[in-house]
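upload.cif follows (mmCIF, N, CA, C and O atoms):
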data_upload
loop_
_atom_site.group_PDB
_atom_site.id
_atom_site.type_symbol
_atom_site.label_atom_id
_atom_site.label_comp_id
_atom_site.auth_asym_id
_atom_site.auth_seq_id
_atom_site.Cartn_x
_atom_site.Cartn_y
_atom_site.Cartn_z
ATOM 1 N N MET H 38 5.144 -90.137 122.792
ATOM 2 C CA MET H 38 5.472 -88.887 123.429
ATOM 3 C C MET H 38 6.990 -88.802 123.580
ATOM 4 O O MET H 38 7.625 -89.722 124.080
ATOM 5 N N MET H 39 7.549 -87.700 123.131
ATOM 6 C CA MET H 39 8.993 -87.530 123.195
ATOM 7 C C MET H 39 9.414 -86.995 124.561
ATOM 8 O O MET H 39 8.733 -86.172 125.155
ATOM 9 N N SER H 40 10.566 -87.473 125.023
ATOM 10 C CA SER H 40 11.105 -86.977 126.287
ATOM 11 C C SER H 40 11.777 -85.626 126.059
ATOM 12 O O SER H 40 11.976 -85.194 124.917
ATOM 13 N N GLY H 41 12.142 -84.972 127.130
ATOM 14 C CA GLY H 41 12.781 -83.664 127.047
ATOM 15 C C GLY H 41 14.051 -83.655 126.205
ATOM 16 O O GLY H 41 14.217 -82.797 125.334
ATOM 17 N N PRO H 42 14.988 -84.590 126.440
ATOM 18 C CA PRO H 42 16.212 -84.600 125.639
ATOM 19 C C PRO H 42 15.942 -84.812 124.141
ATOM 20 O O PRO H 42 16.628 -84.230 123.301
ATOM 21 N N THR H 43 14.944 -85.621 123.807
ATOM 22 C CA THR H 43 14.635 -85.850 122.398
ATOM 23 C C THR H 43 14.039 -84.603 121.766
ATOM 24 O O THR H 43 14.352 -84.269 120.616
ATOM 25 N N LYS H 44 13.197 -83.882 122.509
ATOM 26 C CA LYS H 44 12.655 -82.623 121.989
ATOM 27 C C LYS H 44 13.772 -81.616 121.757
ATOM 28 O O LYS H 44 13.787 -80.911 120.742
ATOM 29 N N THR H 45 14.729 -81.556 122.673
ATOM 30 C CA THR H 45 15.857 -80.643 122.523
ATOM 31 C C THR H 45 16.687 -81.017 121.298
ATOM 32 O O THR H 45 17.084 -80.147 120.517
ATOM 33 N N MET H 46 16.952 -82.297 121.130
ATOM 34 C CA MET H 46 17.738 -82.759 119.986
ATOM 35 C C MET H 46 17.016 -82.447 118.679
ATOM 36 O O MET H 46 17.647 -82.053 117.696
ATOM 37 N N THR H 47 15.692 -82.603 118.657
ATOM 38 C CA THR H 47 14.911 -82.289 117.464
ATOM 39 C C THR H 47 14.992 -80.794 117.143
ATOM 40 O O THR H 47 15.155 -80.408 115.983
ATOM 41 N N ALA H 48 14.911 -79.954 118.170
ATOM 42 C CA ALA H 48 15.015 -78.506 117.964
ATOM 43 C C ALA H 48 16.398 -78.123 117.445
ATOM 44 O O ALA H 48 16.520 -77.295 116.525
ATOM 45 N N ILE H 49 17.437 -78.727 117.988
ATOM 46 C CA ILE H 49 18.801 -78.447 117.530
ATOM 47 C C ILE H 49 18.976 -78.882 116.077
ATOM 48 O O ILE H 49 19.586 -78.173 115.269
ATOM 49 N N THR H 50 18.432 -80.039 115.726
ATOM 50 C CA THR H 50 18.530 -80.528 114.355
ATOM 51 C C THR H 50 17.809 -79.589 113.395
ATOM 52 O O THR H 50 18.321 -79.278 112.314
ATOM 53 N N GLY H 51 16.628 -79.122 113.775
ATOM 54 C CA GLY H 51 15.893 -78.181 112.926
ATOM 55 C C GLY H 51 16.625 -76.856 112.775
ATOM 56 O O GLY H 51 16.722 -76.305 111.670
ATOM 57 N N ALA H 52 17.181 -76.344 113.879
ATOM 58 C CA ALA H 52 17.934 -75.091 113.819
ATOM 59 C C ALA H 52 19.190 -75.255 112.961
ATOM 60 O O ALA H 52 19.541 -74.356 112.177
ATOM 61 N N ALA H 53 19.842 -76.404 113.077
ATOM 62 C CA ALA H 53 21.028 -76.659 112.257
ATOM 63 C C ALA H 53 20.661 -76.699 110.777
ATOM 64 O O ALA H 53 21.409 -76.185 109.932
ATOM 65 N N LEU H 54 19.513 -77.270 110.450
ATOM 66 C CA LEU H 54 19.075 -77.304 109.055
ATOM 67 C C LEU H 54 18.874 -75.892 108.520
ATOM 68 O O LEU H 54 19.314 -75.560 107.417
ATOM 69 N N VAL H 55 18.241 -75.040 109.308
ATOM 70 C CA VAL H 55 18.012 -73.648 108.884
ATOM 71 C C VAL H 55 19.348 -72.926 108.702
ATOM 72 O O VAL H 55 19.560 -72.233 107.698
ATOM 73 N N LEU H 56 20.264 -73.081 109.655
ATOM 74 C CA LEU H 56 21.559 -72.409 109.565
ATOM 75 C C LEU H 56 22.394 -72.904 108.383
ATOM 76 O O LEU H 56 23.020 -72.103 107.684
ATOM 77 N N ILE H 57 22.403 -74.204 108.159
ATOM 78 C CA ILE H 57 23.182 -74.752 107.046
ATOM 79 C C ILE H 57 22.587 -74.319 105.716
ATOM 80 O O ILE H 57 23.315 -74.008 104.769
ATOM 81 N N THR H 58 21.264 -74.264 105.639
ATOM 82 C CA THR H 58 20.624 -73.791 104.414
ATOM 83 C C THR H 58 20.970 -72.327 104.156
ATOM 84 O O THR H 58 21.296 -71.942 103.029
ATOM 85 N N ALA H 59 20.932 -71.502 105.198
ATOM 86 C CA ALA H 59 21.298 -70.090 105.049
ATOM 87 C C ALA H 59 22.764 -69.950 104.635
ATOM 88 O O ALA H 59 23.098 -69.129 103.766
ATOM 89 N N TYR H 60 23.630 -70.733 105.217
ATOM 90 C CA TYR H 60 25.048 -70.708 104.856
ATOM 91 C C TYR H 60 25.227 -71.088 103.386
ATOM 92 O O TYR H 60 25.997 -70.457 102.658
ATOM 93 N N THR H 61 24.512 -72.124 102.948
ATOM 94 C CA THR H 61 24.612 -72.579 101.568
ATOM 95 C C THR H 61 24.141 -71.502 100.602
ATOM 96 O O THR H 61 24.765 -71.270 99.559
ATOM 97 N N VAL H 62 23.050 -70.823 100.927
ATOM 98 C CA VAL H 62 22.529 -69.763 100.057
ATOM 99 C C VAL H 62 23.506 -68.589 100.016
ATOM 100 O O VAL H 62 23.767 -68.028 98.954
ATOM 101 N N ALA H 63 24.066 -68.223 101.162
ATOM 102 C CA ALA H 63 24.921 -67.040 101.232
ATOM 103 C C ALA H 63 26.335 -67.282 100.705
ATOM 104 O O ALA H 63 26.879 -66.452 99.980
ATOM 105 N N LEU H 64 26.940 -68.400 101.070
ATOM 106 C CA LEU H 64 28.362 -68.610 100.778
ATOM 107 C C LEU H 64 28.661 -69.808 99.876
ATOM 108 O O LEU H 64 29.808 -70.023 99.511
ATOM 109 N N GLY H 65 27.686 -70.593 99.569
ATOM 110 C CA GLY H 65 27.914 -71.776 98.741
ATOM 111 C C GLY H 65 27.879 -73.044 99.577
ATOM 112 O O GLY H 65 27.995 -73.015 100.800
ATOM 113 N N SER H 66 27.739 -74.134 98.894
ATOM 114 C CA SER H 66 27.556 -75.414 99.565
ATOM 115 C C SER H 66 28.849 -75.925 100.184
ATOM 116 O O SER H 66 29.939 -75.705 99.670
ATOM 117 N N SER H 67 28.697 -76.607 101.307
ATOM 118 C CA SER H 67 29.808 -77.278 101.965
ATOM 119 C C SER H 67 29.364 -78.708 102.252
ATOM 120 O O SER H 67 28.449 -78.936 103.038
ATOM 121 N N GLY H 68 30.013 -79.630 101.594
ATOM 122 C CA GLY H 68 29.651 -81.038 101.760
ATOM 123 C C GLY H 68 29.792 -81.526 103.189
ATOM 124 O O GLY H 68 28.989 -82.329 103.664
ATOM 125 N N TRP H 69 30.808 -81.043 103.906
ATOM 126 C CA TRP H 69 31.014 -81.468 105.281
ATOM 127 C C TRP H 69 29.892 -81.002 106.186
ATOM 128 O O TRP H 69 29.499 -81.715 107.110
ATOM 129 N N LEU H 70 29.397 -79.776 105.958
ATOM 130 C CA LEU H 70 28.273 -79.302 106.771
ATOM 131 C C LEU H 70 27.044 -80.174 106.551
ATOM 132 O O LEU H 70 26.349 -80.551 107.497
ATOM 133 N N TRP H 71 26.763 -80.507 105.304
ATOM 134 C CA TRP H 71 25.591 -81.341 105.020
ATOM 135 C C TRP H 71 25.771 -82.749 105.553
ATOM 136 O O TRP H 71 24.838 -83.367 106.060
ATOM 137 N N PHE H 72 26.992 -83.267 105.438
ATOM 138 C CA PHE H 72 27.260 -84.594 105.999
ATOM 139 C C PHE H 72 27.043 -84.585 107.515
ATOM 140 O O PHE H 72 26.422 -85.497 108.068
ATOM 141 N N GLY H 73 27.533 -83.545 108.179
ATOM 142 C CA GLY H 73 27.335 -83.421 109.620
ATOM 143 C C GLY H 73 25.863 -83.331 109.992
ATOM 144 O O GLY H 73 25.415 -83.919 110.977
ATOM 145 N N TRP H 74 25.102 -82.609 109.156
ATOM 146 C CA TRP H 74 23.679 -82.489 109.440
ATOM 147 C C TRP H 74 22.977 -83.841 109.257
ATOM 148 O O TRP H 74 22.086 -84.195 110.042
ATOM 149 N N VAL H 75 23.374 -84.597 108.258
ATOM 150 C CA VAL H 75 22.778 -85.926 108.054
ATOM 151 C C VAL H 75 23.077 -86.828 109.251
ATOM 152 O O VAL H 75 22.191 -87.535 109.734
ATOM 153 N N VAL H 76 24.308 -86.782 109.756
ATOM 154 C CA VAL H 76 24.660 -87.580 110.937
ATOM 155 C C VAL H 76 23.813 -87.150 112.132
ATOM 156 O O VAL H 76 23.281 -87.985 112.875
ATOM 157 N N LEU H 77 23.665 -85.836 112.326
ATOM 158 C CA LEU H 77 22.824 -85.317 113.403
ATOM 159 C C LEU H 77 21.372 -85.763 113.232
ATOM 160 O O LEU H 77 20.708 -86.152 114.191
ATOM 161 N N GLY H 78 20.878 -85.731 111.999
ATOM 162 C CA GLY H 78 19.502 -86.165 111.725
ATOM 163 C C GLY H 78 19.295 -87.642 112.032
ATOM 164 O O GLY H 78 18.278 -88.023 112.618
ATOM 165 N N VAL H 79 20.262 -88.462 111.662
ATOM 166 C CA VAL H 79 20.147 -89.901 111.935
ATOM 167 C C VAL H 79 20.168 -90.158 113.440
ATOM 168 O O VAL H 79 19.405 -90.993 113.950
ATOM 169 N N ALA H 80 21.020 -89.423 114.161
ATOM 170 C CA ALA H 80 21.057 -89.569 115.622
ATOM 171 C C ALA H 80 19.723 -89.141 116.240
ATOM 172 O O ALA H 80 19.226 -89.783 117.177
ATOM 173 N N THR H 81 19.129 -88.079 115.711
ATOM 174 C CA THR H 81 17.835 -87.615 116.215
ATOM 175 C C THR H 81 16.747 -88.646 115.942
ATOM 176 O O THR H 81 15.915 -88.930 116.809
ATOM 177 N N ILE H 82 16.745 -89.211 114.762
ATOM 178 C CA ILE H 82 15.763 -90.251 114.426
ATOM 179 C C ILE H 82 15.942 -91.459 115.353
ATOM 180 O O ILE H 82 14.970 -92.044 115.821
ATOM 181 N N GLY H 83 17.189 -91.811 115.645
ATOM 182 C CA GLY H 83 17.454 -92.916 116.558
ATOM 183 C C GLY H 83 16.922 -92.642 117.961
ATOM 184 O O GLY H 83 16.335 -93.514 118.599
ATOM 185 N N MET H 84 17.114 -91.408 118.436
ATOM 186 C CA MET H 84 16.587 -91.058 119.757
ATOM 187 C C MET H 84 15.064 -91.108 119.772
ATOM 188 O O MET H 84 14.461 -91.595 120.731
ATOM 189 N N ALA H 85 14.443 -90.607 118.707
ATOM 190 C CA ALA H 85 12.979 -90.620 118.639
ATOM 191 C C ALA H 85 12.457 -92.055 118.582
ATOM 192 O O ALA H 85 11.454 -92.392 119.214
ATOM 193 N N ALA H 86 13.152 -92.908 117.847
ATOM 194 C CA ALA H 86 12.734 -94.310 117.764
ATOM 195 C C ALA H 86 12.875 -95.005 119.115
ATOM 196 O O ALA H 86 12.030 -95.818 119.500
ATOM 197 N N ALA H 87 13.920 -94.680 119.841
ATOM 198 C CA ALA H 87 14.111 -95.286 121.162
ATOM 199 C C ALA H 87 13.020 -94.819 122.124
ATOM 200 O O ALA H 87 12.548 -95.595 122.958
ATOM 201 N N ASP H 88 12.614 -93.546 122.009
ATOM 202 C CA ASP H 88 11.540 -93.037 122.863
ATOM 203 C C ASP H 88 10.196 -93.670 122.520
ATOM 204 O O ASP H 88 9.354 -93.837 123.389
ATOM 205 N N ALA H 89 10.007 -94.005 121.258
ATOM 206 C CA ALA H 89 8.721 -94.544 120.815
ATOM 207 C C ALA H 89 8.586 -96.032 121.136
ATOM 208 O O ALA H 89 7.504 -96.592 120.988
ATOM 209 N N GLY H 90 9.660 -96.643 121.593
ATOM 210 C CA GLY H 90 9.628 -98.069 121.917
ATOM 211 C C GLY H 90 8.770 -98.347 123.139
ATOM 212 O O GLY H 90 7.931 -97.554 123.546
ATOM 213 N N GLU H 91 9.009 -99.485 123.735
ATOM 214 C CA GLU H 91 8.233 -99.875 124.902
ATOM 215 C C GLU H 91 8.413 -98.858 126.028
ATOM 216 O O GLU H 91 9.491 -98.295 126.188
ATOM 217 N N PRO H 92 7.368 -98.639 126.791
ATOM 218 C CA PRO H 92 7.505 -97.694 127.907
ATOM 219 C C PRO H 92 8.503 -98.211 128.931
ATOM 220 O O PRO H 92 8.733 -99.408 129.049
ATOM 221 N N HIS H 93 9.093 -97.280 129.642
ATOM 222 C CA HIS H 93 10.091 -97.660 130.637
ATOM 223 C C HIS H 93 9.432 -98.461 131.747
ATOM 224 O O HIS H 93 8.362 -98.130 132.232
ATOM 225 N N ALA H 94 10.102 -99.537 132.123
ATOM 226 C CA ALA H 94 9.580 -100.385 133.189
ATOM 227 C C ALA H 94 9.722 -99.676 134.527
ATOM 228 O O ALA H 94 10.638 -98.901 134.745
ATOM 229 N N ARG H 95 8.788 -99.954 135.409
ATOM 230 C CA ARG H 95 8.861 -99.402 136.748
ATOM 231 C C ARG H 95 10.009 -100.083 137.481
ATOM 232 O O ARG H 95 10.127 -101.310 137.455
ATOM 233 N N PRO H 96 10.881 -99.335 138.121
ATOM 234 C CA PRO H 96 12.009 -99.980 138.797
ATOM 235 C C PRO H 96 11.542 -100.910 139.915
ATOM 236 O O PRO H 96 10.610 -100.599 140.643
ATOM 237 N N VAL H 97 12.194 -102.030 139.993
ATOM 238 C CA VAL H 97 11.871 -103.015 141.030
ATOM 239 C C VAL H 97 12.867 -102.839 142.158
ATOM 240 O O VAL H 97 14.078 -102.852 141.932
ATOM 241 N N PRO H 98 12.385 -102.663 143.390
ATOM 242 C CA PRO H 98 13.333 -102.493 144.498
ATOM 243 C C PRO H 98 14.128 -103.771 144.707
ATOM 244 O O PRO H 98 13.628 -104.876 144.482
ATOM 245 N N PRO H 99 15.371 -103.643 145.135
ATOM 246 C CA PRO H 99 16.175 -104.853 145.359
ATOM 247 C C PRO H 99 15.609 -105.676 146.515
ATOM 248 O O PRO H 99 15.058 -105.138 147.464
ATOM 249 N N ARG H 100 15.740 -106.972 146.377
ATOM 250 C CA ARG H 100 15.250 -107.871 147.422
ATOM 251 C C ARG H 100 16.280 -107.966 148.535
ATOM 252 O O ARG H 100 17.478 -108.027 148.297
ATOM 253 N N ARG H 101 15.769 -107.993 149.752
ATOM 254 C CA ARG H 101 16.649 -108.167 150.899
ATOM 255 C C ARG H 101 16.942 -109.652 151.069
ATOM 256 O O ARG H 101 16.051 -110.471 150.949
ATOM 257 N N PRO H 102 18.173 -109.977 151.352
ATOM 258 C CA PRO H 102 18.492 -111.395 151.551
ATOM 259 C C PRO H 102 17.795 -111.928 152.814
ATOM 260 O O PRO H 102 17.626 -111.210 153.792
ATOM 261 N N LYS H 103 17.396 -113.193 152.731
ATOM 262 C CA LYS H 103 16.764 -113.825 153.890
ATOM 263 C C LYS H 103 17.832 -114.086 154.955
ATOM 264 O O LYS H 103 18.954 -114.441 154.628
ATOM 265 N N PRO H 104 17.447 -113.917 156.218
ATOM 266 C CA PRO H 104 18.441 -114.208 157.281
ATOM 267 C C PRO H 104 18.802 -115.683 157.290
ATOM 268 O O PRO H 104 17.937 -116.549 157.096
ATOM 269 N N GLN H 105 20.050 -115.955 157.532
ATOM 270 C CA GLN H 105 20.526 -117.342 157.597
ATOM 271 C C GLN H 105 20.287 -117.890 159.001
ATOM 272 O O GLN H 105 20.549 -117.205 159.995
ATOM 273 N N PRO H 106 19.781 -119.118 159.118
ATOM 274 C CA PRO H 106 19.551 -119.700 160.466
ATOM 275 C C PRO H 106 20.836 -120.073 161.156
ATOM 276 O O PRO H 106 21.856 -120.200 160.687
#
Can you present the structure in this file as structure tokens?
Amino acid sequence: MMSGPTKTMTAITGAALVLITAYTVALGSSGWLWFGWVVLGVATIGMAAADAGEPHARPVPPRRPKPQP
């Protein structure tokens, strides 16, 4: 299950793909735009992989120090 930030990043990556494709069709290809999209895609895949890892551990409350005699 993806977290909220990962879903947002996935949506941004998909929207960027659509926009870059439209730009390429209308005005011609730009290598920098595609390179930027690949970097964004790799970052999105990394976020999704991190979310798919082990579930977050339940936080452990800090221990109170024992009173000194």
Original post:
Could you pull out all residues of chain H with a DSSP call of helix (DSSP H, G or I) and give them as a PyMOL selection string?
Top reply: chain H and resi 41-64+68-89
Original post:
Applied to the shown file, which residues does the PyMOL selection byres (((chain H and resi 78-85 and name CA) around 9) and name CA) return, written as a list in words?
Top reply: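 Matching residues under the PyMOL selection byres (((chain H and resi 78-85 and name CA) around 9) and name CA) are Met39, Ser40, Pro42, Thr43, Lys44, Met46, Thr47, Thr50, Gly51, Gly73, Trp74, Val75, Val76, Leu77, Ala86, Ala87, Asp88, Ala89 and Gly90 of chain H.
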**OP:** Write out as a VMD selection string the residues lying within 12 Å of Val55 in chain H, counting only C-alpha atoms and excluding same-chain residues fewer than 6 positions away.
**Re:** chain H and resid 48 to 49 61 to 62 70 to 71 74
Original post:
Distance atom C of Phe72 in chain H-atom O of Gly41 in chain H, one decimal place?
Top reply: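 That distance, rounded to one decimal, is 22.0 Å.
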